[in-house]
Structures are given as C-alpha cells and as structure tokens.
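Chemist: First, the structure itself, so that you have it in front of you.
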Amino acid sequence: MAQTQQSRADILLANPAPIGLMAFGTTTVLLNLANAGAIPADSIILAMGLFYGGAAQILAGAFEFRKGNTFGMTAFISYGFFWISLVFILFPTQLLGGSYSAASLSSYLFLWGLFSLIMFFGTLRHSGALMFVFGTLTILFFLLSAGFGWNNSNVIKFAGYEGILCGLGAIYTSAANILNETYAKSVLPTFPVKQKG
C-alpha cells in the first residue's frame with residue numbers, strides 16, 4: 001500500500017500554467033484589440049472567449065488542483081468562467097439584439113478588478129512576470145469599469161491598449177514557461193521572487 005502511494009506521488013505531471021496563460025493572453029489581446037477600435041467586436045471574439053479563454057483555462061485550473069497549486073487553480077478556473085460569463089453577456093447583444101445596463105456591466109467589471117487585485121497580492125510570492133500580468137489586469141478591469149460606467153469611449157479605448165499590454169505579458173510568461181522547461185535553462189526570464197528563509 002505504501003509503495004503504491006509512493007509510486008503515484010512519483011508520477012510527473014506536465015505544468016498546466018503555460019496553456020492557461022496562453023489561453024488568457026491571446027483571448028485578452030483579441031478582445032482588447034476590439035476595445036481599442038482596431039478590429040470589430042464580433043462572433044470570433046465570442047468563440048475565442050468561450051473555448052480558449054474559457055474552457056482551456058478551466059482545464060488548466062483543474063490540473064493545477066491536481067498539482068496542489070491553490071493560486072493557479074483559483075486564477076485559471078475563475079478567469080475561465082469569467083470568459084464564459086462574458087460570452088453569455090455579449091452574445092445576446094452582438095448576435096440577438098439583446099441588451100445590458102451600463103451600471104450592471106460596470107459593477108461586473110469592478111468586481112473582477114477587485115478579485116484581480118487580491119490575486120495580484122498573491123503574485124508577490126511568485127514572479128515579476130506574474131506581477132506584471134495581474135497588475136495590468138487589475139488596472140484593465142478598473143479602467144473598463146470606469147469607461148463603461150461613465151459611457152466614455154476614450155477611457156474604453158485607452159483600456160484596450162492597456163489590455164493588449166496585459167495579454168502580451170501573459171503570452172510572454174507562457175512562452176517563458178514553455179521554453180525554459182524545454183531547454184532546461186532560463187531562455188526568457190520570469191524574474192522569480194527570492195523566498196526568505
């Protein structure tokens with residue numbers, strides 16, 4: 001019995017963080033290209049949000065749970081369901097002519113900003129790369145909350161540019177995880193936090 005438990009503990013698991021970060025990053029860039037006015041907000045963004053931003057992050061979070069990583073599990077599952085919920089908010093508006101109130105959307109985005117701020121404090125024990133992703137994400141949610149709450153297209157457009165930066169940070173962090181593991185050396189630095197003691 002003890003030998004069986006030991007052999008299960010020795011099973012190597014792949015790192016699910018790169019897929020979660022890439023799913024988050026690419027979907028965030030795509031949506032914020034639309035917020036910045038570079039591309040239309042259409043069904044392509046909805047599909048990306050539902051399947052890659054949503055489903056792929058939830059799967060990554062489930063595997064983080066398997067690895068015992070509470071931070072990764074909470075982040076990926078939460079943001080995965082964020083994308084799915086956003087699709088269900090935007091789908092009736094974009095494709096079926098439905099609507100939502102500016103106050104409700106602003107409150108929704110503000111709460112996600114608050115959650116992201118909490119998660120940002122968690123990154124202070126991880127790496128500079130994750131600090132950048134969660135720091136810019138927190139700012140993004142608060143900017144979008146203000147922009148939609150005030151019905152200010154200039155704030156939303158600025159948030160779009162800031163969101164592109166956030167998404168690129170997540171793509172970089174994903175790439176760093178993949179390449180550093182593949183080459184067994186620091187190809188792209190993530191600036192890990194030195195733990196005291």
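Residues are named by chain letter and number: chains run A, B, ... in the order of the structure tokens, numbers start at 1 in each chain, and ligands are numbered from 1 in the order shown.
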May I have the residues within 6 Å of segment 16-31 of chain A as a ChimeraX atom specification, using only C-alpha atoms and disregarding those fewer than 3 positions away in the same chain?
Modeler: /A:34,52-53,57,60,164,167,170-171,174
Chemist: Using only C-alpha atoms, which protein or nucleic acid residues come within 12 Å of Ala146 of chain A? Drop anything in the same chain fewer than 3 positions from it, and give the result as a list in words.
Modeler: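 Here the answer would be Ala102, Ala103, Ser104, Leu105, Ser106, Ser107, Tyr108, Leu109, Phe110, Gly113, Ile139, Leu140, Phe141, Phe142, Leu143, Gly149, Trp150, Asn151, Asn152, Ser153, Asn154, Val155, Ile156, Lys157, Phe158 and Ala159 of chain A.
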Chemist: Hey, can you check how far atom CA of Tyr79 of chain A sits from atom CA of Thr138 of chain A?
Modeler: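 Here the two named atoms are 12.5 Å from each other.
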Chemist: Applying 10 Å and only C-alpha atoms, which residues near Thr74 of chain A remain after dropping the ones on its own chain fewer than 2 positions away? List them as an MDAnalysis selection string.
Modeler: chainID A and resid 58 61:62 64:65 69:72 76:80 119
Chemist: Those same residues, written as a PDB file, in the first residue's frame with C-alpha atoms?
Modeler:
```pdb
ATOM      1  CA  ILE A  58     -10.818  25.796 -16.668  1.00  0.00           C
ATOM      2  CA  GLY A  61      -7.147  25.141 -13.363  1.00  0.00           C
ATOM      3  CA  ALA A  62      -8.319  21.551 -12.866  1.00  0.00           C
ATOM      4  CA  GLU A  64      -3.392  22.969 -11.102  1.00  0.00           C
ATOM      5  CA  PHE A  65      -5.768  21.493  -8.491  1.00  0.00           C
ATOM      6  CA  ASN A  69      -1.461  24.747  -6.592  1.00  0.00           C
ATOM      7  CA  THR A  70      -4.259  26.769  -4.973  1.00  0.00           C
ATOM      8  CA  PHE A  71      -3.206  30.042  -6.618  1.00  0.00           C
ATOM      9  CA  GLY A  72      -3.113  28.567 -10.135  1.00  0.00           C
ATOM     10  CA  PHE A  76      -7.419  29.769 -14.100  1.00  0.00           C
ATOM     11  CA  ILE A  77     -10.830  28.436 -13.111  1.00  0.00           C
ATOM     12  CA  SER A  78     -12.058  31.899 -12.129  1.00  0.00           C
ATOM     13  CA  TYR A  79     -10.867  33.631 -15.294  1.00  0.00           C
ATOM     14  CA  GLY A  80     -12.069  30.706 -17.392  1.00  0.00           C
ATOM     15  CA  MET A 119      -4.719  37.740  -6.864  1.00  0.00           C
TER      16      MET A 119
END
```
Chemist: As an exercise, work out the distance from atom CA of Leu50 of chain A to atom CA of Ser145 of chain A in Å and give it to one decimal place.
Modeler: 21.3 Å
Chemist: Just checking: using only C-alpha atoms, which residue out of A:Gly68, A:Asp42, A:Ala129, A:Leu117 ends up closest to Leu168 of chain A?
Modeler: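 Checking each of A:Gly68, A:Asp42, A:Ala129, A:Leu117 against Leu168 of chain A, counting only C-alpha atoms, the winner is A:Ala129.
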Chemist: Interatomic distance between atom CA of Val87 of chain A and atom CA of Phe51 of chain A?
Modeler: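 A separation of 10.1 Å between them.
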Chemist: Which of segment 24-171 of chain A counts as alpha helix (DSSP H) under DSSP, as a ChimeraX atom specification please?
Modeler: /A:24-35,43-48,57-67,70-95,102-123,128-150,153-171
Chemist: Considering only C-alpha atoms, return as a list in words whatever protein or nucleic-acid residues lie within 8 Å of His126 of chain A, sequence-local ones (same chain, fewer than 4 positions apart) excluded.
Modeler: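 Skipping anything fewer than 4 positions along the chain leaves Gly122, Leu130, Met131, Pro192 and Val193 of chain A.
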